[in-house]
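**Q** One structure coming up, written as structure tokens, with questions to follow.
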Amino acid sequence: MWKAVPAIAFAVAAVAAPSVARSTHPFKNIPVVTVRASEFAFAAPATIAPGQVTFRLVNAGKQLHHVTVLKLEKGTTFADFEKGLKSNKLDPASLTAMGGPNAALPGATIDATLTLEPGNYVIACFIPSPGEETPHAMKGMYKSLVVSA
């Protein structure tokens, strides 16, 4: 059932206002996209620029959360993703896992830097709550992300 989902990706979760900032790293000027996570909700920008970007997961929730960035393959829409997720028939061939921040404990922050090409993406959290098998994405913890110049 959901045993294939971890192979597809891991996820995004967030709550407060989304933001894009510049890194303070002395060698690179990479945009930072903040994703705020809580139980089954997240906040993140709807659109970001292509190229290198650091995803900063801020876990404001009481459970473990993470961010997985999934690229929707050509011909796959966000509505297709939602339909597949809700019907438990998500087509792994319609997605490419790009990576993302590993799981963050409640109150923790973790970063991951990715290189994204223009296109349509989904950010999602596939971690289940303690004692459950249902991933957080099935509880609404996913969002569309457009990468566009």
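Lettering and numbering for the structure tokens are positional, with chains as A, B, ... in the shown order, residues counted from 1 in each chain, and ligands counted from 1 in the shown order.
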Mind checking which residues fall within 12 Å of Phe40 in chain A, counting only C-alpha atoms, ignoring those fewer than 4 positions away in the same chain, and posting them as a PDB file with C-alpha atoms, in the first residue's frame?
**A**
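File produced: out-v5.pdb:
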ATOM      1  CA  ALA A  11       8.287  15.478   2.495  1.00  0.00           C
ATOM      2  CA  VAL A  12       7.381  19.004   3.385  1.00  0.00           C
ATOM      3  CA  ALA A  13       5.343  20.337   6.235  1.00  0.00           C
ATOM      4  CA  ALA A  14       4.849  23.881   7.469  1.00  0.00           C
ATOM      5  CA  VAL A  15       2.662  26.483   9.172  1.00  0.00           C
ATOM      6  CA  ARG A  36       7.295  25.877   8.262  1.00  0.00           C
ATOM      7  CA  ASN A  59       9.463  22.224  12.468  1.00  0.00           C
ATOM      8  CA  ALA A  60       6.999  24.217  14.571  1.00  0.00           C
ATOM      9  CA  GLY A  61       4.916  21.107  15.212  1.00  0.00           C
ATOM     10  CA  LYS A  62       4.877  18.485  17.943  1.00  0.00           C
ATOM     11  CA  GLN A  63       5.726  15.575  15.633  1.00  0.00           C
ATOM     12  CA  LEU A  64       8.602  14.624  13.355  1.00  0.00           C
ATOM     13  CA  HIS A  65       8.294  16.208   9.863  1.00  0.00           C
ATOM     14  CA  HIS A  66      10.449  16.445   6.749  1.00  0.00           C
ATOM     15  CA  ALA A 124       5.148  16.797   0.796  1.00  0.00           C
ATOM     16  CA  CYS A 125       5.675  14.998   4.104  1.00  0.00           C
ATOM     17  CA  PHE A 126       5.507  11.214   3.960  1.00  0.00           C
ATOM     18  CA  ILE A 127       6.376  10.546   7.606  1.00  0.00           C
ATOM     19  CA  PRO A 128       3.566   8.838   9.555  1.00  0.00           C
ATOM     20  CA  SER A 129       2.466   9.905  13.023  1.00  0.00           C
ATOM     21  CA  THR A 134      -0.738   6.786   7.200  1.00  0.00           C
ATOM     22  CA  PRO A 135       1.789   9.356   5.945  1.00  0.00           C
ATOM     23  CA  HIS A 136       1.202  13.006   6.744  1.00  0.00           C
ATOM     24  CA  ALA A 137       0.665  13.740   3.035  1.00  0.00           C
ATOM     25  CA  MET A 138      -2.541  11.693   3.230  1.00  0.00           C
ATOM     26  CA  LYS A 139      -3.667  14.140   5.916  1.00  0.00           C
ATOM     27  CA  GLY A 140      -3.131  17.144   3.635  1.00  0.00           C
ATOM     28  CA  MET A 141       0.560  17.841   4.167  1.00  0.00           C
ATOM     29  CA  TYR A 142       1.525  18.621   0.550  1.00  0.00           C
ATOM     30  CA  LYS A 143       1.619  21.694  -1.639  1.00  0.00           C
TER      31      LYS A 143
END
**Q** Could you list, as a VMD selection string, every residue within 9 Å of Phe81 in chain A, counting only C-alpha atoms and ignoring same-chain residues fewer than 5 positions away?
**A** chain A and resid 72 76 86 90 to 91 94 to 95 122
**Q** Store the residues of this selection in a file with N, CA, C and O atoms, as an mmCIF file, in the first residue's frame.
**A**
data_model
loop_
_atom_site.group_PDB
_atom_site.id
_atom_site.type_symbol
_atom_site.label_atom_id
_atom_site.label_comp_id
_atom_site.auth_asym_id
_atom_site.auth_seq_id
_atom_site.Cartn_x
_atom_site.Cartn_y
_atom_site.Cartn_z
ATOM 1 N N LEU A 72 6.946 16.906 -10.894
ATOM 2 C CA LEU A 72 5.876 16.296 -11.674
ATOM 3 C C LEU A 72 6.375 16.145 -13.108
ATOM 4 O O LEU A 72 6.782 17.126 -13.739
ATOM 5 N N THR A 76 1.888 15.377 -16.218
ATOM 6 C CA THR A 76 1.306 15.132 -14.898
ATOM 7 C C THR A 76 0.999 16.474 -14.249
ATOM 8 O O THR A 76 1.860 17.351 -14.188
ATOM 9 N N LYS A 86 -4.959 10.544 -3.018
ATOM 10 C CA LYS A 86 -6.216 10.277 -2.313
ATOM 11 C C LYS A 86 -6.793 8.903 -2.624
ATOM 12 O O LYS A 86 -7.460 8.304 -1.784
ATOM 13 N N LEU A 90 -0.976 6.387 -6.503
ATOM 14 C CA LEU A 90 0.027 7.336 -6.965
ATOM 15 C C LEU A 90 0.983 6.616 -7.907
ATOM 16 O O LEU A 90 1.550 5.578 -7.560
ATOM 17 N N ASP A 91 1.147 7.145 -9.107
ATOM 18 C CA ASP A 91 2.007 6.530 -10.122
ATOM 19 C C ASP A 91 3.447 7.007 -9.923
ATOM 20 O O ASP A 91 3.756 8.168 -10.196
ATOM 21 N N SER A 94 5.212 9.067 -12.575
ATOM 22 C CA SER A 94 4.795 10.447 -12.840
ATOM 23 C C SER A 94 5.566 11.461 -11.997
ATOM 24 O O SER A 94 5.355 12.659 -12.127
ATOM 25 N N LEU A 95 6.464 10.963 -11.134
ATOM 26 C CA LEU A 95 7.203 11.815 -10.199
ATOM 27 C C LEU A 95 8.680 11.491 -10.220
ATOM 28 O O LEU A 95 9.071 10.348 -10.425
ATOM 29 N N VAL A 122 5.908 19.245 -6.335
ATOM 30 C CA VAL A 122 5.094 19.096 -5.131
ATOM 31 C C VAL A 122 6.064 18.995 -3.965
ATOM 32 O O VAL A 122 7.120 18.356 -4.086
#
**Q** If you run DSSP on the backbone, which residues of chain A are helix (DSSP H, G or I), as number ranges by chain?
**A** A: 5-8, 78-86, 92-94, 136-139
**Q** Can you write out the residues you just picked, keeping N, CA, C and O atoms, as a PDB file, in the first residue's frame?
**A**
ATOM      1  N   VAL A   5       5.711   4.477  -1.160  1.00  0.00           N
ATOM      2  CA  VAL A   5       5.821   5.934  -1.028  1.00  0.00           C
ATOM      3  C   VAL A   5       7.202   6.375  -0.585  1.00  0.00           C
ATOM      4  O   VAL A   5       7.754   7.300  -1.165  1.00  0.00           O
ATOM      5  N   PRO A   6       7.839   5.750   0.434  1.00  0.00           N
ATOM      6  CA  PRO A   6       9.174   6.217   0.805  1.00  0.00           C
ATOM      7  C   PRO A   6      10.157   6.155  -0.355  1.00  0.00           C
ATOM      8  O   PRO A   6      11.059   6.968  -0.435  1.00  0.00           O
ATOM      9  N   ALA A   7       9.973   5.195  -1.272  1.00  0.00           N
ATOM     10  CA  ALA A   7      10.842   5.142  -2.434  1.00  0.00           C
ATOM     11  C   ALA A   7      10.578   6.317  -3.357  1.00  0.00           C
ATOM     12  O   ALA A   7      11.461   6.777  -4.052  1.00  0.00           O
ATOM     13  N   ILE A   8       9.359   6.805  -3.353  1.00  0.00           N
ATOM     14  CA  ILE A   8       9.018   7.964  -4.184  1.00  0.00           C
ATOM     15  C   ILE A   8       9.632   9.214  -3.592  1.00  0.00           C
ATOM     16  O   ILE A   8      10.205  10.021  -4.284  1.00  0.00           O
ATOM     17  N   PHE A  78      -0.778  18.796 -10.919  1.00  0.00           N
ATOM     18  CA  PHE A  78      -0.948  18.747  -9.467  1.00  0.00           C
ATOM     19  C   PHE A  78      -2.243  18.018  -9.121  1.00  0.00           C
ATOM     20  O   PHE A  78      -2.295  17.237  -8.172  1.00  0.00           O
ATOM     21  N   ALA A  79      -3.289  18.229  -9.927  1.00  0.00           N
ATOM     22  CA  ALA A  79      -4.566  17.523  -9.712  1.00  0.00           C
ATOM     23  C   ALA A  79      -4.383  16.018  -9.867  1.00  0.00           C
ATOM     24  O   ALA A  79      -4.982  15.227  -9.114  1.00  0.00           O
ATOM     25  N   ASP A  80      -3.534  15.582 -10.815  1.00  0.00           N
ATOM     26  CA  ASP A  80      -3.240  14.151 -10.978  1.00  0.00           C
ATOM     27  C   ASP A  80      -2.561  13.604  -9.724  1.00  0.00           C
ATOM     28  O   ASP A  80      -2.877  12.496  -9.266  1.00  0.00           O
ATOM     29  N   PHE A  81      -1.618  14.385  -9.184  1.00  0.00           N
ATOM     30  CA  PHE A  81      -0.934  13.973  -7.955  1.00  0.00           C
ATOM     31  C   PHE A  81      -1.946  13.805  -6.820  1.00  0.00           C
ATOM     32  O   PHE A  81      -1.956  12.799  -6.133  1.00  0.00           O
ATOM     33  N   GLU A  82      -2.802  14.818  -6.632  1.00  0.00           N
ATOM     34  CA  GLU A  82      -3.800  14.762  -5.556  1.00  0.00           C
ATOM     35  C   GLU A  82      -4.733  13.562  -5.717  1.00  0.00           C
ATOM     36  O   GLU A  82      -5.018  12.863  -4.747  1.00  0.00           O
ATOM     37  N   LYS A  83      -5.197  13.341  -6.940  1.00  0.00           N
ATOM     38  CA  LYS A  83      -6.105  12.218  -7.197  1.00  0.00           C
ATOM     39  C   LYS A  83      -5.412  10.889  -6.886  1.00  0.00           C
ATOM     40  O   LYS A  83      -5.987  10.016  -6.241  1.00  0.00           O
ATOM     41  N   GLY A  84      -4.174  10.739  -7.337  1.00  0.00           N
ATOM     42  CA  GLY A  84      -3.422   9.512  -7.078  1.00  0.00           C
ATOM     43  C   GLY A  84      -3.158   9.300  -5.595  1.00  0.00           C
ATOM     44  O   GLY A  84      -3.246   8.185  -5.087  1.00  0.00           O
ATOM     45  N   LEU A  85      -2.848  10.382  -4.897  1.00  0.00           N
ATOM     46  CA  LEU A  85      -2.585  10.299  -3.461  1.00  0.00           C
ATOM     47  C   LEU A  85      -3.851   9.883  -2.715  1.00  0.00           C
ATOM     48  O   LEU A  85      -3.832   8.964  -1.897  1.00  0.00           O
ATOM     49  N   LYS A  86      -4.959  10.544  -3.018  1.00  0.00           N
ATOM     50  CA  LYS A  86      -6.216  10.277  -2.313  1.00  0.00           C
ATOM     51  C   LYS A  86      -6.793   8.903  -2.624  1.00  0.00           C
ATOM     52  O   LYS A  86      -7.460   8.304  -1.784  1.00  0.00           O
ATOM     53  N   PRO A  92       4.336   6.123  -9.459  1.00  0.00           N
ATOM     54  CA  PRO A  92       5.731   6.539  -9.241  1.00  0.00           C
ATOM     55  C   PRO A  92       6.408   7.067 -10.509  1.00  0.00           C
ATOM     56  O   PRO A  92       7.299   7.892 -10.419  1.00  0.00           O
ATOM     57  N   ALA A  93       5.979   6.612 -11.682  1.00  0.00           N
ATOM     58  CA  ALA A  93       6.586   7.071 -12.936  1.00  0.00           C
ATOM     59  C   ALA A  93       6.227   8.525 -13.248  1.00  0.00           C
ATOM     60  O   ALA A  93       6.863   9.147 -14.088  1.00  0.00           O
ATOM     61  N   SER A  94       5.212   9.067 -12.575  1.00  0.00           N
ATOM     62  CA  SER A  94       4.795  10.447 -12.840  1.00  0.00           C
ATOM     63  C   SER A  94       5.566  11.461 -11.997  1.00  0.00           C
ATOM     64  O   SER A  94       5.355  12.659 -12.127  1.00  0.00           O
ATOM     65  N   HIS A 136       1.778  11.679   6.548  1.00  0.00           N
ATOM     66  CA  HIS A 136       1.202  13.006   6.744  1.00  0.00           C
ATOM     67  C   HIS A 136       0.622  13.587   5.454  1.00  0.00           C
ATOM     68  O   HIS A 136      -0.347  14.344   5.490  1.00  0.00           O
ATOM     69  N   ALA A 137       1.201  13.241   4.311  1.00  0.00           N
ATOM     70  CA  ALA A 137       0.665  13.740   3.035  1.00  0.00           C
ATOM     71  C   ALA A 137      -0.794  13.334   2.855  1.00  0.00           C
ATOM     72  O   ALA A 137      -1.591  14.095   2.315  1.00  0.00           O
ATOM     73  N   MET A 138      -1.153  12.157   3.335  1.00  0.00           N
ATOM     74  CA  MET A 138      -2.541  11.693   3.230  1.00  0.00           C
ATOM     75  C   MET A 138      -3.472  12.513   4.119  1.00  0.00           C
ATOM     76  O   MET A 138      -4.680  12.448   3.984  1.00  0.00           O
ATOM     77  N   LYS A 139      -2.888  13.276   5.024  1.00  0.00           N
ATOM     78  CA  LYS A 139      -3.667  14.140   5.916  1.00  0.00           C
ATOM     79  C   LYS A 139      -3.615  15.594   5.447  1.00  0.00           C
ATOM     80  O   LYS A 139      -3.963  16.498   6.186  1.00  0.00           O
TER      81      LYS A 139
END
**Q** With DSSP run on the backbone, what are the strand (DSSP E) residues within range 28-106 of chain A? I'd like them as a PyMOL selection string.
**A** chain A and resi 31-38+41-43+47-48+51-59+68-72+95-99
**Q** Find the spatial neighbours of range 50-56 of chain A, counting only C-alpha atoms, within a cut-off of 7 Å - ignore same-chain residues fewer than 4 positions away - and output them as a ChimeraX atom specification.
**A** /A:30-35,100-101,109-118,147-149
**Q** Could you save the residues just selected, with N, CA, C and O atoms, as an mmCIF file, in the first residue's frame?
**A**
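File again-v8.cif, as written:
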data_model
loop_
_atom_site.group_PDB
_atom_site.id
_atom_site.type_symbol
_atom_site.label_atom_id
_atom_site.label_comp_id
_atom_site.auth_asym_id
_atom_site.auth_seq_id
_atom_site.Cartn_x
_atom_site.Cartn_y
_atom_site.Cartn_z
ATOM 1 N N ILE A 30 22.989 31.735 -2.330
ATOM 2 C CA ILE A 30 21.922 30.813 -2.703
ATOM 3 C C ILE A 30 20.637 31.218 -1.981
ATOM 4 O O ILE A 30 20.643 31.409 -0.768
ATOM 5 N N PRO A 31 19.521 31.344 -2.715
ATOM 6 C CA PRO A 31 18.253 31.674 -2.052
ATOM 7 C C PRO A 31 17.867 30.596 -1.048
ATOM 8 O O PRO A 31 18.124 29.407 -1.260
ATOM 9 N N VAL A 32 17.250 31.022 0.044
ATOM 10 C CA VAL A 32 16.770 30.111 1.074
ATOM 11 C C VAL A 32 15.249 30.189 1.088
ATOM 12 O O VAL A 32 14.682 31.266 1.234
ATOM 13 N N VAL A 33 14.603 29.041 0.916
ATOM 14 C CA VAL A 33 13.146 28.939 0.964
ATOM 15 C C VAL A 33 12.791 28.299 2.302
ATOM 16 O O VAL A 33 13.176 27.165 2.573
ATOM 17 N N THR A 34 12.086 29.041 3.133
ATOM 18 C CA THR A 34 11.692 28.524 4.440
ATOM 19 C C THR A 34 10.340 27.840 4.337
ATOM 20 O O THR A 34 9.387 28.400 3.807
ATOM 21 N N VAL A 35 10.294 26.606 4.839
ATOM 22 C CA VAL A 35 9.066 25.816 4.895
ATOM 23 C C VAL A 35 8.791 25.568 6.370
ATOM 24 O O VAL A 35 9.619 24.986 7.061
ATOM 25 N N GLY A 100 15.468 16.807 -0.390
ATOM 26 C CA GLY A 100 14.911 17.773 0.549
ATOM 27 C C GLY A 100 15.486 17.563 1.929
ATOM 28 O O GLY A 100 16.241 16.613 2.159
ATOM 29 N N PRO A 101 15.148 18.437 2.863
ATOM 30 C CA PRO A 101 15.657 18.298 4.233
ATOM 31 C C PRO A 101 15.190 17.005 4.885
ATOM 32 O O PRO A 101 14.034 16.608 4.737
ATOM 33 N N THR A 109 15.424 22.893 13.139
ATOM 34 C CA THR A 109 15.515 23.424 11.781
ATOM 35 C C THR A 109 16.590 22.640 11.050
ATOM 36 O O THR A 109 17.639 22.347 11.630
ATOM 37 N N ILE A 110 16.334 22.304 9.794
ATOM 38 C CA ILE A 110 17.311 21.560 9.000
ATOM 39 C C ILE A 110 17.252 22.058 7.559
ATOM 40 O O ILE A 110 16.190 22.431 7.073
ATOM 41 N N ASP A 111 18.400 22.089 6.883
ATOM 42 C CA ASP A 111 18.513 22.603 5.519
ATOM 43 C C ASP A 111 18.935 21.512 4.545
ATOM 44 O O ASP A 111 19.611 20.553 4.931
ATOM 45 N N ALA A 112 18.576 21.708 3.278
ATOM 46 C CA ALA A 112 19.094 20.895 2.172
ATOM 47 C C ALA A 112 19.128 21.790 0.943
ATOM 48 O O ALA A 112 18.180 22.535 0.677
ATOM 49 N N THR A 113 20.208 21.731 0.194
ATOM 50 C CA THR A 113 20.340 22.540 -1.017
ATOM 51 C C THR A 113 20.159 21.652 -2.233
ATOM 52 O O THR A 113 20.798 20.599 -2.350
ATOM 53 N N LEU A 114 19.271 22.084 -3.121
ATOM 54 C CA LEU A 114 18.949 21.354 -4.342
ATOM 55 C C LEU A 114 19.132 22.268 -5.543
ATOM 56 O O LEU A 114 19.138 23.491 -5.397
ATOM 57 N N THR A 115 19.235 21.670 -6.709
ATOM 58 C CA THR A 115 19.222 22.421 -7.954
ATOM 59 C C THR A 115 17.953 22.025 -8.697
ATOM 60 O O THR A 115 17.764 20.844 -9.007
ATOM 61 N N LEU A 116 17.076 22.995 -8.936
ATOM 62 C CA LEU A 116 15.791 22.722 -9.575
ATOM 63 C C LEU A 116 15.681 23.442 -10.912
ATOM 64 O O LEU A 116 16.014 24.620 -11.019
ATOM 65 N N GLU A 117 15.211 22.712 -11.917
ATOM 66 C CA GLU A 117 14.944 23.276 -13.231
ATOM 67 C C GLU A 117 13.513 23.803 -13.254
ATOM 68 O O GLU A 117 12.692 23.408 -12.425
ATOM 69 N N PRO A 118 13.196 24.680 -14.199
ATOM 70 C CA PRO A 118 11.811 25.143 -14.308
ATOM 71 C C PRO A 118 10.862 23.956 -14.466
ATOM 72 O O PRO A 118 11.193 22.955 -15.110
ATOM 73 N N VAL A 147 8.435 26.178 -10.215
ATOM 74 C CA VAL A 147 9.782 26.728 -10.385
ATOM 75 C C VAL A 147 9.787 27.408 -11.741
ATOM 76 O O VAL A 147 9.632 26.775 -12.778
ATOM 77 N N SER A 148 9.912 28.743 -11.708
ATOM 78 C CA SER A 148 9.777 29.550 -12.922
ATOM 79 C C SER A 148 10.677 30.773 -12.828
ATOM 80 O O SER A 148 10.802 31.366 -11.767
ATOM 81 N N ALA A 149 11.245 31.138 -13.964
ATOM 82 C CA ALA A 149 12.117 32.317 -14.002
ATOM 83 C C ALA A 149 11.325 33.568 -13.691
ATOM 84 O O ALA A 149 10.177 33.695 -14.037
#
**Q** Give me, please, the distance in Å between CA of Asn120 in chain A and CA of Ala44 in chain A, quoted to one decimal.
**A**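 Computed distance, CA of Asn120 in chain A to CA of Ala44 in chain A, equals 14.6 Å.
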**Q** Just checking: using only C-alpha atoms, which residue out of A:Thr77, A:Gly131, A:Leu105, A:Val58 ends up closest to Gly119 in chain A?
**A**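 Smallest separation from Gly119 in chain A among the options: A:Thr77.
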**Q** Which value, in Å to one decimal, gives the distance between CA of Tyr121 in chain A and CA of Pro106 in chain A?
**A**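 So the two atoms, CA of Tyr121 in chain A and CA of Pro106 in chain A, lie 25.5 Å apart.
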